[in-house]
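Trainee: Let me give you the structure first, and then I'll get to my questions.
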Amino acid sequence: MKNLVNRELPEAIAEIGTLAPYAGAFARTPAMRRSAPKVKCCLPGSNKLRDGLEAVFDELPIVDGMTLSFHHHFRNGDSLVNQVLEIAARRGLKGLRVALSSVFPVHAPMVEHFKSGTVVYLDTDYMSGPVATAVSQGVLANPVMLRSHGGRARAIECGDLHVDVAFIAAPTADEYGNLNGTEGPTACGSLGYAFPDAEYADYVVAVTDTLVPYPLKTISIPQTRVDYVVTLPSVGDPKGIVSGTTQVTKDPVQLKIASLAAKAIEASGLLKNGFSFQTGAGGASLAVAHYLRKIMRERSIVGSFALGGITGYLVSMLEEGLFERLIDVQGFDLEAVRSLKENPNHLEVSAGMYASPFNSGCVVNQLDCVVLGATEMDTQFNVNVVTGSNGYIMGGSGGHSDAAAGAKLTIVTANLIRGRLPILRDEIVTITTPGETVDVLVTEYGIAVNPRRQDLIECLSGRGLPLKTIEEMKQLAEDIAGVPDPIALTDDVVAVVEYRDGTIIDVVYRPANK
């Protein structure tokens with residue numbers, strides 16, 4: 001069957017079930033009730049403390065085929081996933097399903113669990129490193145489910161992703177299970193991606209390296225949702241939170257792209273008091289914030305909020321008074337951790353409040369502008385952030401398709417030529433974010449506006465901006481770098497790309513050059 005963006009899909013996949021084809025960014029409306037976790041009681045005098053993870057495996061017990069969930073607030077500094085799966089493997093468990101909100105190079109030991117059959121299914125929003133390579137090569141028994149951050153929250157809340165046991169790495173906890181991420185030597189900041197797991201999992205295990213007397217002063221996840229508390233010497237390395245650079249780029253090409261993007265935002269008419277904004281943590285994305293900062297200072301503009309993964313750069317804009325609030329689902333550096341602890345205008349929110357499409361209103365719906373990246377884009381403005389130029393998985397939607405759907409203005413910034421290859425193609429390898437939710441592409445050679453947005457074309461015209469059609473931009477790229485050869489792919493599906501509403505926008509095939 002084919003979906004709305006003309007992608008061929010299988011009708012069903014083992015371990016996932018029947019696939020619903022993507023029919024449009026807002027075509028699917030929910031016709032179900034929210035799922036519900038088990039009802040429990042905890043009698044007076046009950047003790048939630050357990051002597052290590054092995055005791056939790058014994059008491060629950062954890063058995064073959066269960067779904068174990070984890071969050072990724074420690075990013076490449078996480079240690080809990082590997083510890084839990086090592087215990088599972090040592091006990092001879094098989095057929096486990098892992099629901100980990102994002103996968104990083106630190107999770108490389110998971111590959112051996114794929115090979116041994118300890119883990120047969122992975123549900124995640126993003127993956128990089130050895131696990132992504134192994135999945136691309138078909139090492140895992142079943143295709144991975146790749147969701148968006150909002151889509152993962154929706155799937156848990158609506159019962160599409162049922163979690164048997166949620167393991168939550170908590171930098172600080174008390175003995176009755178109140179948790180936060182802002183205190184203790186391994187403070188990681190917001191625990192927002194773990195909120196749905198805590199709320200809907202059958203059992204919740206809090207794992208901490210800092211146990212404090214009851215009651216914990218600041219509570220992110222409450223005792224009412226936590227069944228066990230385990231202490232370990234360390235639950236993660238906060239230094240691993242930082243992903244790449246969280247400093248403004250010094251690359252002249254990327255600075256030019258960022259400057260053009262900021263000018264396009266200004267010309268759109270959205271940059272005024274009350275402006276709301278989301279951008280990524282990379283150097284090029286922060287450069288857009290850098291140029292916006294200058295404009296906001298010059299025009300005395302105060303924005304309402306900045307959203308998403310929070311960096312020290314956005315913290316400095318909050319503290320300067322350029323934004324009234326930061327809304328934080330995940331910290332990207334230690335300045336973000338500090339700010340969340342100290343500043344009452346820095347707000348912690350759940351993944352569902354951040355971006356789930358099936359609730360009474362998520363925060364991305366309030367965005368004026370979001371700036372996103374791309375590995376590839378086609379002339380219909382469809383964007384790929386899942387696979388690289390070799391067809392291997394190297395990322396995932398994360399909040400990409402969520403923010404694109406919610407924002408009034410979605411801008412994609414990218415070098416027109418990357419690694420001697422044009423980013424613009426007639427057909428991209430994988431569609432992650434549909435073109436109907438993408439408004440502008442900005443490259444070092446100019447600005448292309450989606451023809452759907454004639455209002456935006458009128459705003460940007462006559463402003464001295466280098467406007468081009470997407471076809472002109474693609475032709476320019478091919479004049480410089482030529483037309484790239486198509487990637488040789490097999491018929492083996494290694495991942496399913498779910499749109500945020502639960503429909504399937506694409507599948508990922510194993511590259512032939514395994």
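Scheme for the structure tokens: letters A, B, ... for chains in order shown; per-chain residue numbers from 1; ligand numbers from 1 in order shown.
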Just want the 6 Å neighbourhood of region 319-328 of chain A, counted on only C-alpha atoms, with same-chain residues fewer than 4 positions away dropped. Output as a ChimeraX atom specification.

Mentor: /A:302-308,345-349

Trainee: Just to be explicit: take each residue in the selection above, keep all heavy atoms, and write the result as a PDB file, in the first residue's frame.

Mentor:
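The file below, again09.pdb, is the result:
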ATOM      1  N   VAL A 302      10.769  41.292  23.562  1.00  0.00           N
ATOM      2  CA  VAL A 302      10.802  40.281  24.615  1.00  0.00           C
ATOM      3  C   VAL A 302       9.909  39.118  24.190  1.00  0.00           C
ATOM      4  O   VAL A 302       8.704  39.286  23.998  1.00  0.00           O
ATOM      5  CB  VAL A 302      10.324  40.848  25.966  1.00  0.00           C
ATOM      6  CG1 VAL A 302      10.309  39.738  27.021  1.00  0.00           C
ATOM      7  CG2 VAL A 302      11.224  41.992  26.409  1.00  0.00           C
ATOM      8  N   GLY A 303      10.522  37.966  24.029  1.00  0.00           N
ATOM      9  CA  GLY A 303       9.765  36.786  23.631  1.00  0.00           C
ATOM     10  C   GLY A 303       9.035  36.162  24.804  1.00  0.00           C
ATOM     11  O   GLY A 303       9.400  36.362  25.964  1.00  0.00           O
ATOM     12  N   SER A 304       8.002  35.374  24.496  1.00  0.00           N
ATOM     13  CA  SER A 304       7.242  34.714  25.563  1.00  0.00           C
ATOM     14  C   SER A 304       7.984  33.496  26.096  1.00  0.00           C
ATOM     15  O   SER A 304       8.154  33.338  27.301  1.00  0.00           O
ATOM     16  CB  SER A 304       5.856  34.326  25.063  1.00  0.00           C
ATOM     17  OG  SER A 304       5.946  33.499  23.909  1.00  0.00           O
ATOM     18  N   PHE A 305       8.444  32.598  25.198  1.00  0.00           N
ATOM     19  CA  PHE A 305       9.174  31.424  25.679  1.00  0.00           C
ATOM     20  C   PHE A 305      10.048  30.842  24.580  1.00  0.00           C
ATOM     21  O   PHE A 305       9.797  31.025  23.385  1.00  0.00           O
ATOM     22  CB  PHE A 305       8.215  30.346  26.202  1.00  0.00           C
ATOM     23  CG  PHE A 305       7.360  29.673  25.149  1.00  0.00           C
ATOM     24  CD1 PHE A 305       7.806  28.539  24.468  1.00  0.00           C
ATOM     25  CD2 PHE A 305       6.098  30.157  24.838  1.00  0.00           C
ATOM     26  CE1 PHE A 305       7.019  27.917  23.510  1.00  0.00           C
ATOM     27  CE2 PHE A 305       5.297  29.542  23.885  1.00  0.00           C
ATOM     28  CZ  PHE A 305       5.761  28.423  23.215  1.00  0.00           C
ATOM     29  N   ALA A 306      11.093  30.146  25.022  1.00  0.00           N
ATOM     30  CA  ALA A 306      11.889  29.281  24.161  1.00  0.00           C
ATOM     31  C   ALA A 306      11.679  27.861  24.649  1.00  0.00           C
ATOM     32  O   ALA A 306      11.512  27.615  25.847  1.00  0.00           O
ATOM     33  CB  ALA A 306      13.360  29.660  24.205  1.00  0.00           C
ATOM     34  N   LEU A 307      11.708  26.916  23.728  1.00  0.00           N
ATOM     35  CA  LEU A 307      11.224  25.559  23.984  1.00  0.00           C
ATOM     36  C   LEU A 307      12.224  24.514  23.536  1.00  0.00           C
ATOM     37  O   LEU A 307      13.069  24.762  22.682  1.00  0.00           O
ATOM     38  CB  LEU A 307       9.899  25.358  23.217  1.00  0.00           C
ATOM     39  CG  LEU A 307       9.258  23.972  23.200  1.00  0.00           C
ATOM     40  CD1 LEU A 307       8.799  23.574  24.597  1.00  0.00           C
ATOM     41  CD2 LEU A 307       8.078  23.948  22.226  1.00  0.00           C
ATOM     42  N   GLY A 308      12.056  23.314  24.111  1.00  0.00           N
ATOM     43  CA  GLY A 308      12.734  22.141  23.577  1.00  0.00           C
ATOM     44  C   GLY A 308      13.863  21.677  24.479  1.00  0.00           C
ATOM     45  O   GLY A 308      13.822  21.818  25.698  1.00  0.00           O
ATOM     46  N   ASN A 345      11.372  30.804  36.393  1.00  0.00           N
ATOM     47  CA  ASN A 345      10.864  31.021  35.040  1.00  0.00           C
ATOM     48  C   ASN A 345      11.352  29.956  34.052  1.00  0.00           C
ATOM     49  O   ASN A 345      11.078  30.058  32.857  1.00  0.00           O
ATOM     50  CB  ASN A 345      11.256  32.411  34.544  1.00  0.00           C
ATOM     51  CG  ASN A 345      10.532  33.494  35.312  1.00  0.00           C
ATOM     52  OD1 ASN A 345       9.338  33.392  35.562  1.00  0.00           O
ATOM     53  ND2 ASN A 345      11.259  34.526  35.704  1.00  0.00           N
ATOM     54  N   HIS A 346      12.059  28.981  34.567  1.00  0.00           N
ATOM     55  CA  HIS A 346      12.539  27.846  33.769  1.00  0.00           C
ATOM     56  C   HIS A 346      11.682  26.649  34.169  1.00  0.00           C
ATOM     57  O   HIS A 346      11.786  26.148  35.290  1.00  0.00           O
ATOM     58  CB  HIS A 346      14.018  27.620  34.058  1.00  0.00           C
ATOM     59  CG  HIS A 346      14.680  26.632  33.154  1.00  0.00           C
ATOM     60  ND1 HIS A 346      16.035  26.647  32.900  1.00  0.00           N
ATOM     61  CD2 HIS A 346      14.192  25.581  32.434  1.00  0.00           C
ATOM     62  CE1 HIS A 346      16.347  25.653  32.088  1.00  0.00           C
ATOM     63  NE2 HIS A 346      15.237  24.993  31.793  1.00  0.00           N
ATOM     64  N   LEU A 347      10.821  26.201  33.262  1.00  0.00           N
ATOM     65  CA  LEU A 347       9.759  25.254  33.589  1.00  0.00           C
ATOM     66  C   LEU A 347      10.056  23.859  33.043  1.00  0.00           C
ATOM     67  O   LEU A 347      10.444  23.702  31.883  1.00  0.00           O
ATOM     68  CB  LEU A 347       8.430  25.742  33.010  1.00  0.00           C
ATOM     69  CG  LEU A 347       8.059  27.208  33.280  1.00  0.00           C
ATOM     70  CD1 LEU A 347       6.759  27.549  32.584  1.00  0.00           C
ATOM     71  CD2 LEU A 347       7.976  27.483  34.770  1.00  0.00           C
ATOM     72  N   GLU A 348       9.830  22.848  33.865  1.00  0.00           N
ATOM     73  CA  GLU A 348       9.970  21.449  33.462  1.00  0.00           C
ATOM     74  C   GLU A 348       8.615  20.918  32.998  1.00  0.00           C
ATOM     75  O   GLU A 348       7.611  21.100  33.684  1.00  0.00           O
ATOM     76  CB  GLU A 348      10.473  20.632  34.641  1.00  0.00           C
ATOM     77  CG  GLU A 348      10.667  19.154  34.377  1.00  0.00           C
ATOM     78  CD  GLU A 348      11.151  18.411  35.604  1.00  0.00           C
ATOM     79  OE1 GLU A 348      10.798  18.820  36.733  1.00  0.00           O
ATOM     80  OE2 GLU A 348      11.882  17.427  35.452  1.00  0.00           O
ATOM     81  N   VAL A 349       8.582  20.272  31.810  1.00  0.00           N
ATOM     82  CA  VAL A 349       7.328  19.721  31.298  1.00  0.00           C
ATOM     83  C   VAL A 349       7.542  18.291  30.830  1.00  0.00           C
ATOM     84  O   VAL A 349       8.659  17.865  30.546  1.00  0.00           O
ATOM     85  CB  VAL A 349       6.748  20.561  30.132  1.00  0.00           C
ATOM     86  CG1 VAL A 349       6.432  21.972  30.589  1.00  0.00           C
ATOM     87  CG2 VAL A 349       7.687  20.569  28.929  1.00  0.00           C
TER      88      VAL A 349
END

Trainee: Counting only C-alpha atoms, what is within 9 Å of Pro213 (chain A), bar same-chain residues fewer than 2 positions away, as a ChimeraX atom specification?

Mentor: /A:173-175,211,215-216

Trainee: Would you list the contacts of region 129-134 of chain A as a VMD selection string, taking every protein, DNA or RNA residue within 10 Å and counting only C-alpha atoms, but skipping same-chain residues closer than 5 positions in sequence?

Mentor: chain A and resid 103 to 112 114 to 115 139 to 140 144 387 392 to 395 494 514

Trainee: Which residue is closest to Gln278 (chain A)? Choose from A:Val383, A:Val165, A:Val315, A:Ile310 and count only C-alpha atoms.

Mentor: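 Looking at the shortest contact to Gln278 (chain A), the residue is A:Ile310.
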
Trainee: Neighbouring residues of region 480-484 of chain A were defined as those with any atom within 7 Å, considering only C-alpha atoms; residues of the same chain fewer than 3 positions away were excluded. Please report them as a PyMOL selection string.

Mentor: chain A and resi 420-422+476-477

Trainee: Return as an MDAnalysis selection string the full set of residues in region 341-492 of chain A whose backbone-based DSSP assignment is strand (DSSP E or B).

Mentor: chainID A and resid 346:348 369:372 376:378 383:384 387 393 398 409:413 417:418 421:422 424:425 433 440:443 446:449 467:468 489:492

Trainee: Write out, as a CSV table (one decimal), in the first residue's frame, the residues just selected, with N, CA and C atoms.

Mentor:
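Once written, selection-v6.csv looks like this:
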chain,number,residue,atom,x,y,z
A,346,HIS,N,12.1,29.0,34.6
A,346,HIS,CA,12.5,27.8,33.8
A,346,HIS,C,11.7,26.6,34.2
A,347,LEU,N,10.8,26.2,33.3
A,347,LEU,CA,9.8,25.3,33.6
A,347,LEU,C,10.1,23.9,33.0
A,348,GLU,N,9.8,22.8,33.9
A,348,GLU,CA,10.0,21.4,33.5
A,348,GLU,C,8.6,20.9,33.0
A,369,CYS,N,7.9,30.0,15.8
A,369,CYS,CA,9.0,29.6,14.8
A,369,CYS,C,9.8,28.5,15.4
A,370,VAL,N,10.2,27.5,14.6
A,370,VAL,CA,11.2,26.5,14.9
A,370,VAL,C,12.2,26.4,13.8
A,371,VAL,N,13.4,26.2,14.2
A,371,VAL,CA,14.5,26.1,13.2
A,371,VAL,C,15.1,24.6,13.4
A,372,LEU,N,15.1,23.9,12.3
A,372,LEU,CA,15.4,22.5,12.2
A,372,LEU,C,16.5,22.2,11.2
A,376,GLU,N,18.6,15.4,4.2
A,376,GLU,CA,18.2,15.4,2.8
A,376,GLU,C,16.8,16.1,2.8
A,377,MET,N,16.5,16.6,1.6
A,377,MET,CA,15.2,17.2,1.4
A,377,MET,C,14.8,17.1,-0.1
A,378,ASP,N,13.5,16.9,-0.4
A,378,ASP,CA,13.1,16.8,-1.8
A,378,ASP,C,12.4,18.1,-2.2
A,383,VAL,N,11.4,16.1,4.5
A,383,VAL,CA,12.7,16.1,5.1
A,383,VAL,C,13.1,14.7,5.7
A,384,ASN,N,14.4,14.4,5.5
A,384,ASN,CA,15.0,13.2,6.1
A,384,ASN,C,15.9,13.6,7.2
A,387,THR,N,18.2,8.8,8.0
A,387,THR,CA,19.3,8.1,7.4
A,387,THR,C,20.3,9.1,6.7
A,393,ILE,N,21.1,4.3,9.3
A,393,ILE,CA,20.4,5.1,10.3
A,393,ILE,C,21.4,5.9,11.1
A,398,GLY,N,13.1,12.6,16.8
A,398,GLY,CA,13.1,13.4,18.0
A,398,GLY,C,11.9,14.3,18.0
A,409,LEU,N,5.8,28.9,11.7
A,409,LEU,CA,6.9,29.0,10.7
A,409,LEU,C,7.9,28.0,11.0
A,410,THR,N,8.1,27.0,10.1
A,410,THR,CA,9.1,26.0,10.2
A,410,THR,C,10.2,26.2,9.2
A,411,ILE,N,11.4,26.5,9.7
A,411,ILE,CA,12.6,26.7,8.8
A,411,ILE,C,13.5,25.6,9.0
A,412,VAL,N,14.0,25.1,7.8
A,412,VAL,CA,15.1,24.1,7.8
A,412,VAL,C,16.3,24.8,7.3
A,413,THR,N,17.4,24.7,8.0
A,413,THR,CA,18.7,25.2,7.6
A,413,THR,C,19.6,24.1,7.3
A,417,ILE,N,25.4,21.8,-0.2
A,417,ILE,CA,26.3,20.6,-0.5
A,417,ILE,C,26.9,20.1,0.8
A,418,ARG,N,26.7,18.9,1.1
A,418,ARG,CA,27.3,18.3,2.3
A,418,ARG,C,28.0,17.0,1.9
A,421,LEU,N,27.9,16.1,-1.7
A,421,LEU,CA,26.7,15.7,-2.2
A,421,LEU,C,25.6,16.7,-2.0
A,422,PRO,N,24.7,16.9,-3.0
A,422,PRO,CA,23.6,17.9,-2.8
A,422,PRO,C,22.6,17.3,-1.8
A,424,LEU,N,19.5,18.3,-1.8
A,424,LEU,CA,18.2,18.3,-2.4
A,424,LEU,C,18.2,17.2,-3.5
A,425,ARG,N,17.1,16.4,-3.4
A,425,ARG,CA,17.0,15.3,-4.3
A,425,ARG,C,15.5,15.2,-4.8
A,433,THR,N,9.8,14.0,8.2
A,433,THR,CA,8.9,15.1,8.4
A,433,THR,C,8.2,15.5,7.1
A,440,VAL,N,10.1,26.7,4.9
A,440,VAL,CA,11.3,27.4,4.3
A,440,VAL,C,12.5,26.5,4.4
A,441,LEU,N,13.3,26.5,3.3
A,441,LEU,CA,14.7,26.0,3.3
A,441,LEU,C,15.6,27.1,3.2
A,442,VAL,N,16.6,27.2,4.1
A,442,VAL,CA,17.7,28.2,4.0
A,442,VAL,C,19.0,27.5,3.8
A,443,THR,N,19.7,27.9,2.7
A,443,THR,CA,21.1,27.4,2.5
A,443,THR,C,22.0,28.6,2.3
A,446,GLY,N,20.7,30.8,-0.7
A,446,GLY,CA,19.5,31.5,-0.7
A,446,GLY,C,18.4,30.8,0.1
A,447,ILE,N,17.2,31.3,-0.1
A,447,ILE,CA,16.0,30.9,0.7
A,447,ILE,C,14.9,30.4,-0.3
A,448,ALA,N,14.4,29.2,0.0
A,448,ALA,CA,13.3,28.7,-0.8
A,448,ALA,C,12.1,28.5,0.1
A,449,VAL,N,11.0,29.1,-0.4
A,449,VAL,CA,9.7,29.0,0.4
A,449,VAL,C,8.8,28.0,-0.2
A,467,LEU,N,15.7,35.1,-2.6
A,467,LEU,CA,14.7,34.1,-2.8
A,467,LEU,C,14.9,33.2,-4.1
A,468,LYS,N,14.7,32.0,-3.9
A,468,LYS,CA,14.8,31.0,-5.1
A,468,LYS,C,13.7,30.0,-4.9
A,489,LEU,N,19.6,-0.4,-2.1
A,489,LEU,CA,18.9,-0.9,-0.9
A,489,LEU,C,18.3,-2.3,-1.2
A,490,THR,N,18.3,-3.1,-0.2
A,490,THR,CA,17.6,-4.4,-0.3
A,490,THR,C,16.1,-4.2,0.0
A,491,ASP,N,15.4,-5.4,0.0
A,491,ASP,CA,14.0,-5.3,0.3
A,491,ASP,C,13.7,-5.6,1.8
A,492,ASP,N,14.8,-5.7,2.6
A,492,ASP,CA,14.6,-6.0,4.0
A,492,ASP,C,14.3,-4.7,4.8

Trainee: Counting only C-alpha atoms, what is within 10 Å of region 32-46 of chain A, bar same-chain residues fewer than 3 positions away, as a list in words?

Mentor: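 With the cut-off at 10 Å, the set is Thr29, Leu49, Arg154, Ala155, Ile156, Glu157, Cys158, Gly159, Asp160, Leu161, His162, Val163, Asp164, Tyr176, Ala198, Glu199, Tyr200, Ala201, Asp202, Tyr203, Thr224, Arg225, Asp227, Phe358 and Asn359 of chain A.
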
Trainee: Just to be explicit: take each residue in the selection above, keep N, CA and C atoms, and write the result as an mmCIF file, in the first residue's frame.

Mentor:
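As a result, result-v6.cif now contains:
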data_model
loop_
_atom_site.group_PDB
_atom_site.id
_atom_site.type_symbol
_atom_site.label_atom_id
_atom_site.label_comp_id
_atom_site.auth_asym_id
_atom_site.auth_seq_id
_atom_site.Cartn_x
_atom_site.Cartn_y
_atom_site.Cartn_z
ATOM 1 N N THR A 29 -7.693 11.673 13.683
ATOM 2 C CA THR A 29 -8.209 12.130 14.973
ATOM 3 C C THR A 29 -8.424 10.929 15.871
ATOM 4 N N LEU A 49 12.579 0.569 49.341
ATOM 5 C CA LEU A 49 14.007 0.417 49.065
ATOM 6 C C LEU A 49 14.350 -1.046 48.806
ATOM 7 N N ARG A 154 2.461 9.883 23.087
ATOM 8 C CA ARG A 154 1.112 9.497 22.648
ATOM 9 C C ARG A 154 0.946 7.987 22.683
ATOM 10 N N ALA A 155 1.940 7.268 22.193
ATOM 11 C CA ALA A 155 1.840 5.810 22.126
ATOM 12 C C ALA A 155 1.712 5.196 23.516
ATOM 13 N N ILE A 156 2.442 5.728 24.485
ATOM 14 C CA ILE A 156 2.346 5.224 25.855
ATOM 15 C C ILE A 156 0.995 5.585 26.453
ATOM 16 N N GLU A 157 0.602 6.842 26.293
ATOM 17 C CA GLU A 157 -0.648 7.317 26.892
ATOM 18 C C GLU A 157 -1.874 6.629 26.292
ATOM 19 N N CYS A 158 -1.808 6.293 25.013
ATOM 20 C CA CYS A 158 -2.958 5.698 24.329
ATOM 21 C C CYS A 158 -2.921 4.177 24.290
ATOM 22 N N GLY A 159 -1.892 3.575 24.868
ATOM 23 C CA GLY A 159 -1.832 2.122 24.953
ATOM 24 C C GLY A 159 -1.186 1.426 23.778
ATOM 25 N N ASP A 160 -0.672 2.170 22.797
ATOM 26 C CA ASP A 160 0.028 1.540 21.677
ATOM 27 C C ASP A 160 1.382 0.986 22.112
ATOM 28 N N LEU A 161 1.992 1.615 23.099
ATOM 29 C CA LEU A 161 3.266 1.152 23.646
ATOM 30 C C LEU A 161 3.045 0.866 25.132
ATOM 31 N N HIS A 162 2.836 -0.398 25.455
ATOM 32 C CA HIS A 162 2.606 -0.789 26.848
ATOM 33 C C HIS A 162 3.935 -1.131 27.503
ATOM 34 N N VAL A 163 4.218 -0.499 28.629
ATOM 35 C CA VAL A 163 5.472 -0.711 29.351
ATOM 36 C C VAL A 163 5.204 -1.577 30.577
ATOM 37 N N ASP A 164 5.896 -2.711 30.655
ATOM 38 C CA ASP A 164 5.774 -3.568 31.833
ATOM 39 C C ASP A 164 6.540 -2.978 33.018
ATOM 40 N N TYR A 176 10.854 7.033 49.594
ATOM 41 C CA TYR A 176 9.477 6.699 49.226
ATOM 42 C C TYR A 176 9.209 6.913 47.742
ATOM 43 N N ALA A 198 6.551 6.877 33.748
ATOM 44 C CA ALA A 198 6.201 6.826 35.163
ATOM 45 C C ALA A 198 4.690 6.765 35.357
ATOM 46 N N GLU A 199 3.960 7.457 34.525
ATOM 47 C CA GLU A 199 2.512 7.551 34.682
ATOM 48 C C GLU A 199 1.783 6.290 34.238
ATOM 49 N N TYR A 200 2.304 5.594 33.216
ATOM 50 C CA TYR A 200 1.530 4.513 32.588
ATOM 51 C C TYR A 200 2.136 3.116 32.688
ATOM 52 N N ALA A 201 3.383 2.992 33.117
ATOM 53 C CA ALA A 201 3.991 1.662 33.218
ATOM 54 C C ALA A 201 3.319 0.843 34.317
ATOM 55 N N ASP A 202 3.318 -0.478 34.153
ATOM 56 C CA ASP A 202 2.778 -1.350 35.201
ATOM 57 C C ASP A 202 3.573 -1.214 36.492
ATOM 58 N N TYR A 203 4.898 -1.158 36.355
ATOM 59 C CA TYR A 203 5.767 -0.992 37.525
ATOM 60 C C TYR A 203 6.846 0.031 37.206
ATOM 61 N N THR A 224 3.724 8.535 44.258
ATOM 62 C CA THR A 224 2.502 7.803 43.907
ATOM 63 C C THR A 224 2.675 6.924 42.680
ATOM 64 N N ARG A 225 3.720 7.165 41.886
ATOM 65 C CA ARG A 225 3.932 6.390 40.662
ATOM 66 C C ARG A 225 5.184 5.521 40.727
ATOM 67 N N ASP A 227 7.313 2.349 42.462
ATOM 68 C CA ASP A 227 7.121 1.129 43.246
ATOM 69 C C ASP A 227 8.365 0.696 44.000
ATOM 70 N N PHE A 358 -2.173 14.061 20.706
ATOM 71 C CA PHE A 358 -3.471 13.599 21.193
ATOM 72 C C PHE A 358 -3.674 13.976 22.659
ATOM 73 N N ASN A 359 -3.762 15.260 22.914
ATOM 74 C CA ASN A 359 -4.190 15.747 24.222
ATOM 75 C C ASN A 359 -4.912 17.074 23.992
#

Trainee: Using DSSP assignments from the backbone, pull out every residue in region 39-96 of chain A that falls under alpha helix (DSSP H) and give it to me as a list in words.

Mentor: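 Alpha helix (DSSP H) members of region 39-96 of chain A, listed: Leu53, Glu54, Ala55, Val56, Phe57, Asp58, Glu59, Leu80, Val81, Asn82, Gln83, Val84, Leu85, Glu86, Ile87, Ala88, Ala89 and Arg90 of chain A.
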
Trainee: Suppose we keep N, CA and C atoms; can you now write the selection as a short mmCIF file (atom, residue, chain, number, x, y, z; two decimals), in the first residue's frame?

Mentor:
data_model
loop_
_atom_site.label_atom_id
_atom_site.label_comp_id
_atom_site.auth_asym_id
_atom_site.auth_seq_id
_atom_site.Cartn_x
_atom_site.Cartn_y
_atom_site.Cartn_z
N LEU A 53 19.49 -3.96 41.76
CA LEU A 53 18.57 -4.28 40.66
C LEU A 53 18.20 -5.75 40.62
N GLU A 54 19.11 -6.61 41.06
CA GLU A 54 18.82 -8.05 41.07
C GLU A 54 17.58 -8.35 41.91
N ALA A 55 17.43 -7.62 43.02
CA ALA A 55 16.28 -7.85 43.89
C ALA A 55 14.98 -7.50 43.19
N VAL A 56 15.00 -6.47 42.35
CA VAL A 56 13.81 -6.07 41.60
C VAL A 56 13.47 -7.16 40.57
N PHE A 57 14.50 -7.70 39.90
CA PHE A 57 14.27 -8.78 38.94
C PHE A 57 13.62 -9.97 39.63
N ASP A 58 14.04 -10.27 40.84
CA ASP A 58 13.48 -11.41 41.58
C ASP A 58 12.04 -11.14 42.00
N GLU A 59 11.79 -9.96 42.53
CA GLU A 59 10.51 -9.70 43.18
C GLU A 59 9.38 -9.48 42.20
N LEU A 80 22.47 3.24 33.04
CA LEU A 80 21.45 2.35 33.58
C LEU A 80 21.01 1.28 32.59
N VAL A 81 20.81 1.66 31.33
CA VAL A 81 20.34 0.69 30.33
C VAL A 81 21.28 -0.51 30.26
N ASN A 82 22.57 -0.23 30.17
CA ASN A 82 23.54 -1.33 30.06
C ASN A 82 23.53 -2.22 31.30
N GLN A 83 23.37 -1.62 32.48
CA GLN A 83 23.36 -2.41 33.71
C GLN A 83 22.14 -3.33 33.78
N VAL A 84 20.99 -2.80 33.41
CA VAL A 84 19.77 -3.62 33.45
C VAL A 84 19.83 -4.76 32.45
N LEU A 85 20.26 -4.46 31.22
CA LEU A 85 20.30 -5.51 30.19
C LEU A 85 21.38 -6.54 30.47
N GLU A 86 22.45 -6.14 31.13
CA GLU A 86 23.48 -7.11 31.52
C GLU A 86 22.92 -8.12 32.51
N ILE A 87 22.12 -7.64 33.46
CA ILE A 87 21.48 -8.56 34.42
C ILE A 87 20.52 -9.49 33.69
N ALA A 88 19.73 -8.93 32.76
CA ALA A 88 18.79 -9.75 32.00
C ALA A 88 19.51 -10.86 31.23
N ALA A 89 20.62 -10.51 30.60
CA ALA A 89 21.38 -11.49 29.82
C ALA A 89 21.98 -12.56 30.73
N ARG A 90 22.50 -12.13 31.85
CA ARG A 90 23.12 -13.09 32.80
C ARG A 90 22.09 -14.07 33.33
#

Trainee: Given only C-alpha atoms as the basis, pick out the residue of A:His290, A:Arg463, A:Lys341, A:Lys48 nearest to Ser316 (chain A).

Mentor: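 When distances to Ser316 (chain A) are compared using only C-alpha atoms, the smallest one comes from A:His290.
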
Trainee: Between A:Pro143, A:Gly373, A:Gly117, A:Gly52, single out the one closest to Gln254 (chain A), counting only C-alpha atoms.

Mentor: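 When distances to Gln254 (chain A) are compared using only C-alpha atoms, the smallest one comes from A:Gly373.
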
Trainee: Rounded to one decimal place, report the CA of Asp501 (chain A)-CA of Asn6 (chain A) distance in Å.

Mentor: 17.8 Å

Trainee: Using Å and a single decimal, report how far CA of Gly189 (chain A) sits from CA of Gly331 (chain A).

Mentor: 5.5 Å

Trainee: Work out how far apart CA of Lys408 (chain A) and CA of Thr430 (chain A) are and give it in Å to one decimal.

Mentor: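 Those two atoms sit 24.4 Å apart.
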
Trainee: Which residue gives the smallest distance to Ala23 (chain A) among A:Ser136, A:Thr503, A:Gln330, A:Asn513, with only C-alpha atoms counted?

Mentor: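 Looking only at the distances to Ala23 (chain A), the closest residue turns out to be A:Thr503.
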
Trainee: Which one is closest to Val429 (chain A): A:Asn343, A:Ser190, A:Ser461, A:Asn382? Count only C-alpha atoms.

Mentor: A:Asn382
